[in-house]
$ cat final_9.cif   # mmCIF, C-alpha atoms
data_target
loop_
_atom_site.label_atom_id
_atom_site.label_comp_id
_atom_site.auth_asym_id
_atom_site.auth_seq_id
_atom_site.Cartn_x
_atom_site.Cartn_y
_atom_site.Cartn_z
CA MET X 902 1.04 -10.22 12.19
CA ILE X 903 -0.37 -11.53 8.89
CA TYR X 904 -1.43 -15.16 8.56
CA PRO X 905 -2.02 -17.15 5.35
CA TYR X 906 -5.53 -18.56 4.99
CA MET X 907 -6.05 -20.01 1.50
CA THR X 908 -4.88 -19.89 -2.10
CA MET X 909 -7.34 -20.40 -4.95
CA ASN X 910 -6.66 -22.14 -8.29
CA ASP X 911 -6.45 -18.74 -10.04
CA GLY X 912 -3.62 -17.72 -7.70
CA THR X 913 -5.74 -15.48 -5.46
CA GLU X 914 -4.30 -15.53 -1.97
CA TYR X 915 -6.26 -14.74 1.17
CA THR X 916 -4.45 -13.69 4.32
CA HIS X 917 -5.65 -12.11 7.55
CA SER X 918 -4.38 -10.15 10.51
CA GLU X 919 -4.55 -11.05 14.16
CA MET X 920 -7.68 -9.80 15.90
CA LYS X 921 -7.18 -6.15 16.82
CA SER X 922 -8.06 -4.76 20.26
CA ASP X 923 -11.31 -3.37 18.82
CA GLY X 924 -12.38 -6.86 17.64
CA THR X 925 -11.68 -6.28 13.95
CA VAL X 926 -9.69 -8.48 11.60
CA LEU X 927 -8.20 -7.33 8.28
CA VAL X 928 -8.59 -9.81 5.43
CA TYR X 929 -6.39 -9.30 2.38
CA ALA X 930 -7.09 -10.68 -1.11
CA GLU X 931 -4.41 -10.51 -3.78
CA THR X 932 -4.45 -11.95 -7.31
CA PRO X 933 -1.46 -11.96 -9.66
CA ASP X 934 -2.13 -10.17 -12.96
CA GLU X 935 0.17 -10.19 -16.00
CA LYS X 936 -0.67 -6.60 -16.96
CA ASP X 937 -0.95 -4.88 -13.57
CA GLY X 938 1.24 -7.08 -11.38
CA PHE X 939 -1.38 -7.69 -8.67
CA HIS X 940 -5.00 -6.86 -7.95
CA SER X 941 -5.79 -6.46 -4.27
CA LEU X 942 -8.29 -5.36 -1.65
CA VAL X 943 -8.74 -5.27 2.10
CA CYS X 944 -11.95 -6.35 3.86
CA ILE X 945 -12.46 -5.40 7.51
CA LEU X 946 -14.37 -7.95 9.57
CA PRO X 947 -16.87 -8.13 11.12
CA GLN X 948 -18.27 -5.09 9.26
CA TYR X 949 -17.32 -6.36 5.76
CA GLU X 950 -16.00 -2.90 4.98
CA VAL X 951 -13.99 -3.00 1.74
CA ARG X 952 -11.01 -0.67 1.28
CA ASN X 953 -8.02 -0.14 -0.96
CA VAL X 954 -9.42 -1.90 -4.03
CA ILE X 955 -6.85 -2.08 -6.83
CA GLY X 956 -7.68 -3.68 -10.17
CA TYR X 957 -10.71 -5.83 -9.29
CA THR X 958 -13.98 -5.37 -11.19
CA GLU X 959 -17.23 -5.00 -9.23
CA THR X 960 -18.08 -8.62 -10.09
CA GLU X 961 -14.70 -9.86 -8.86
CA GLN X 962 -15.09 -7.84 -5.65
CA LYS X 963 -18.50 -9.43 -5.01
CA GLU X 964 -17.06 -12.93 -5.51
CA ILE X 965 -14.20 -12.20 -3.12
CA ILE X 966 -16.51 -10.76 -0.46
CA MET X 967 -18.85 -13.73 -0.84
CA ARG X 968 -15.90 -16.09 -0.25
CA ILE X 969 -14.82 -14.05 2.79
CA GLU X 970 -18.39 -14.10 4.16
CA LYS X 971 -18.49 -17.91 3.87
CA ASN X 972 -15.20 -18.18 5.79
CA ALA X 973 -15.55 -15.24 8.21
CA HIS X 974 -16.35 -17.38 11.25
CA LEU X 975 -13.16 -19.40 10.71
CA ILE X 976 -11.04 -16.35 9.95
CA MET X 977 -12.27 -14.62 13.11
CA GLU X 978 -11.46 -17.73 15.14
CA PHE X 979 -8.02 -18.28 13.57
CA SER X 980 -7.15 -14.60 14.07
CA GLN X 981 -7.23 -15.22 17.82
CA ILE X 982 -4.95 -18.29 17.89
CA GLY X 983 -2.15 -17.46 15.48
CA GLY X 984 -3.68 -18.36 12.14
CA PHE X 985 -4.81 -21.53 10.38
CA ALA X 986 -1.42 -23.24 10.61
CA SER X 987 -1.08 -22.56 14.33
CA ASP X 988 -0.30 -25.40 16.70
CA ALA X 989 -3.20 -24.20 18.88
CA THR X 990 -6.36 -26.27 18.84
CA VAL X 991 -9.53 -24.59 17.59
CA ALA X 992 -12.21 -24.89 20.26
#

$ encode --input "final_9.cif" --output "structure tokens"
Amino acid sequence: MIYPYMTMNDGTEYTHSEMKSDGTVLVYAETPDEKDGFHSLVCILPQYEVRNVIGYTETEQKEIIMRIEKNAHLIMEFSQIGGFASDATVA
């Protein structure tokens, strides 16, 4: 399952998976681009391993990872209860 997390003013959307049995969570970033359609990447938490980068510059990747790092504790928590919009209460 993929859960929405946040959308930035530039249209970049962050979504995440449920927590996998090995304790990892996949975080997806995707930004619309007039020329390429979309730029995207996947970040695997808690290792912050970046994969499948399409279209982002090194600087853009660093900004995205920095944003994910600042929100990782929430993303990890939400991944266990059905996402940010879940009816479950965050403990």

$ resolve_selection --input "final_9.cif" --expression "the PyMOL selection byres ((chain X and resi 903-907) around 8)" --output "ChimeraX atom specification"
/X:902,908-909,914-919,976,980,983-985

$ atom_distance --input "final_9.cif" --atom1 "atom CA of X:Thr958" --atom2 "atom CA of X:Asp937"
13.3 Å

$ atom_distance --input "final_9.cif" --atom1 "atom CA of X:Asp923" --atom2 "atom CA of X:Ser941"
23.9 Å

$ atom_distance --input "final_9.cif" --atom1 "atom CA of X:His940" --atom2 "atom CA of X:Tyr957"
6.0 Å

$ closest_residue --input "final_9.cif" --among "X:His974, X:Ile965, X:Gly924, X:Glu959" --to "X:Val943" --atoms "only C-alpha atoms"
X:Ile965

$ resolve_selection --input "final_9.cif" --expression "the PyMOL selection byres ((chain X and resi 973) around 12)" --output "number ranges by chain"
X: 906, 915-917, 925-928, 944-949, 965-972, 974-980

$ decode --input "final_9.cif" --residues "stretch 917-937 of chain X" --atoms "N, CA, C and O atoms" --output "mmCIF file, in the first residue's frame"
data_model
loop_
_atom_site.group_PDB
_atom_site.id
_atom_site.type_symbol
_atom_site.label_atom_id
_atom_site.label_comp_id
_atom_site.auth_asym_id
_atom_site.auth_seq_id
_atom_site.Cartn_x
_atom_site.Cartn_y
_atom_site.Cartn_z
ATOM 1 N N HIS X 917 4.654 7.216 0.793
ATOM 2 C CA HIS X 917 5.453 6.160 1.423
ATOM 3 C C HIS X 917 4.670 4.862 1.476
ATOM 4 O O HIS X 917 3.442 4.861 1.415
ATOM 5 N N SER X 918 5.407 3.790 1.617
ATOM 6 C CA SER X 918 4.813 2.458 1.726
ATOM 7 C C SER X 918 4.455 2.169 3.181
ATOM 8 O O SER X 918 4.807 2.927 4.087
ATOM 9 N N GLU X 919 3.787 1.042 3.375
ATOM 10 C CA GLU X 919 3.635 0.523 4.728
ATOM 11 C C GLU X 919 5.000 -0.008 5.157
ATOM 12 O O GLU X 919 5.871 -0.212 4.320
ATOM 13 N N MET X 920 5.189 -0.214 6.452
ATOM 14 C CA MET X 920 6.452 -0.773 6.914
ATOM 15 C C MET X 920 6.511 -2.239 6.487
ATOM 16 O O MET X 920 5.567 -3.000 6.713
ATOM 17 N N LYS X 921 7.610 -2.597 5.838
ATOM 18 C CA LYS X 921 7.804 -3.967 5.380
ATOM 19 C C LYS X 921 8.207 -4.863 6.558
ATOM 20 O O LYS X 921 8.600 -4.372 7.625
ATOM 21 N N SER X 922 8.157 -6.159 6.366
ATOM 22 C CA SER X 922 8.480 -7.110 7.438
ATOM 23 C C SER X 922 9.918 -6.980 7.924
ATOM 24 O O SER X 922 10.221 -7.324 9.059
ATOM 25 N N ASP X 923 10.799 -6.419 7.078
ATOM 26 C CA ASP X 923 12.196 -6.221 7.489
ATOM 27 C C ASP X 923 12.424 -4.862 8.155
ATOM 28 O O ASP X 923 13.552 -4.482 8.444
ATOM 29 N N GLY X 924 11.340 -4.093 8.391
ATOM 30 C CA GLY X 924 11.447 -2.805 9.063
ATOM 31 C C GLY X 924 11.731 -1.629 8.149
ATOM 32 O O GLY X 924 11.914 -0.518 8.626
ATOM 33 N N THR X 925 11.757 -1.854 6.840
ATOM 34 C CA THR X 925 12.033 -0.763 5.910
ATOM 35 C C THR X 925 10.736 -0.127 5.424
ATOM 36 O O THR X 925 9.672 -0.737 5.444
ATOM 37 N N VAL X 926 10.872 1.128 4.997
ATOM 38 C CA VAL X 926 9.772 1.878 4.413
ATOM 39 C C VAL X 926 10.303 2.547 3.150
ATOM 40 O O VAL X 926 11.387 3.136 3.153
ATOM 41 N N LEU X 927 9.562 2.443 2.057
ATOM 42 C CA LEU X 927 9.942 3.091 0.805
ATOM 43 C C LEU X 927 9.283 4.455 0.741
ATOM 44 O O LEU X 927 8.063 4.568 0.918
ATOM 45 N N VAL X 928 10.086 5.487 0.516
ATOM 46 C CA VAL X 928 9.567 6.845 0.377
ATOM 47 C C VAL X 928 9.780 7.255 -1.079
ATOM 48 O O VAL X 928 10.890 7.128 -1.607
ATOM 49 N N TYR X 929 8.716 7.727 -1.702
ATOM 50 C CA TYR X 929 8.753 8.119 -3.109
ATOM 51 C C TYR X 929 8.629 9.632 -3.215
ATOM 52 O O TYR X 929 7.784 10.231 -2.554
ATOM 53 N N ALA X 930 9.474 10.247 -4.041
ATOM 54 C CA ALA X 930 9.365 11.668 -4.359
ATOM 55 C C ALA X 930 9.146 11.766 -5.861
ATOM 56 O O ALA X 930 9.806 11.074 -6.640
ATOM 57 N N GLU X 931 8.213 12.631 -6.248
ATOM 58 C CA GLU X 931 7.898 12.791 -7.665
ATOM 59 C C GLU X 931 7.526 14.253 -7.918
ATOM 60 O O GLU X 931 6.697 14.813 -7.207
ATOM 61 N N THR X 932 8.184 14.849 -8.915
ATOM 62 C CA THR X 932 7.959 16.245 -9.268
ATOM 63 C C THR X 932 7.558 16.334 -10.732
ATOM 64 O O THR X 932 8.265 15.813 -11.595
ATOM 65 N N PRO X 933 6.434 17.005 -11.030
ATOM 66 C CA PRO X 933 6.062 17.178 -12.437
ATOM 67 C C PRO X 933 7.092 18.052 -13.151
ATOM 68 O O PRO X 933 7.649 18.982 -12.565
ATOM 69 N N ASP X 934 7.357 17.734 -14.416
ATOM 70 C CA ASP X 934 8.320 18.481 -15.214
ATOM 71 C C ASP X 934 7.769 18.619 -16.628
ATOM 72 O O ASP X 934 7.397 17.608 -17.242
ATOM 73 N N GLU X 935 7.704 19.841 -17.134
ATOM 74 C CA GLU X 935 7.139 20.078 -18.471
ATOM 75 C C GLU X 935 7.861 19.309 -19.560
ATOM 76 O O GLU X 935 7.243 18.783 -20.479
ATOM 77 N N LYS X 936 9.175 19.228 -19.475
ATOM 78 C CA LYS X 936 9.972 18.575 -20.520
ATOM 79 C C LYS X 936 9.941 17.049 -20.402
ATOM 80 O O LYS X 936 9.719 16.348 -21.380
ATOM 81 N N ASP X 937 10.186 16.545 -19.185
ATOM 82 C CA ASP X 937 10.357 15.100 -18.985
ATOM 83 C C ASP X 937 9.105 14.381 -18.506
ATOM 84 O O ASP X 937 9.093 13.159 -18.420
#
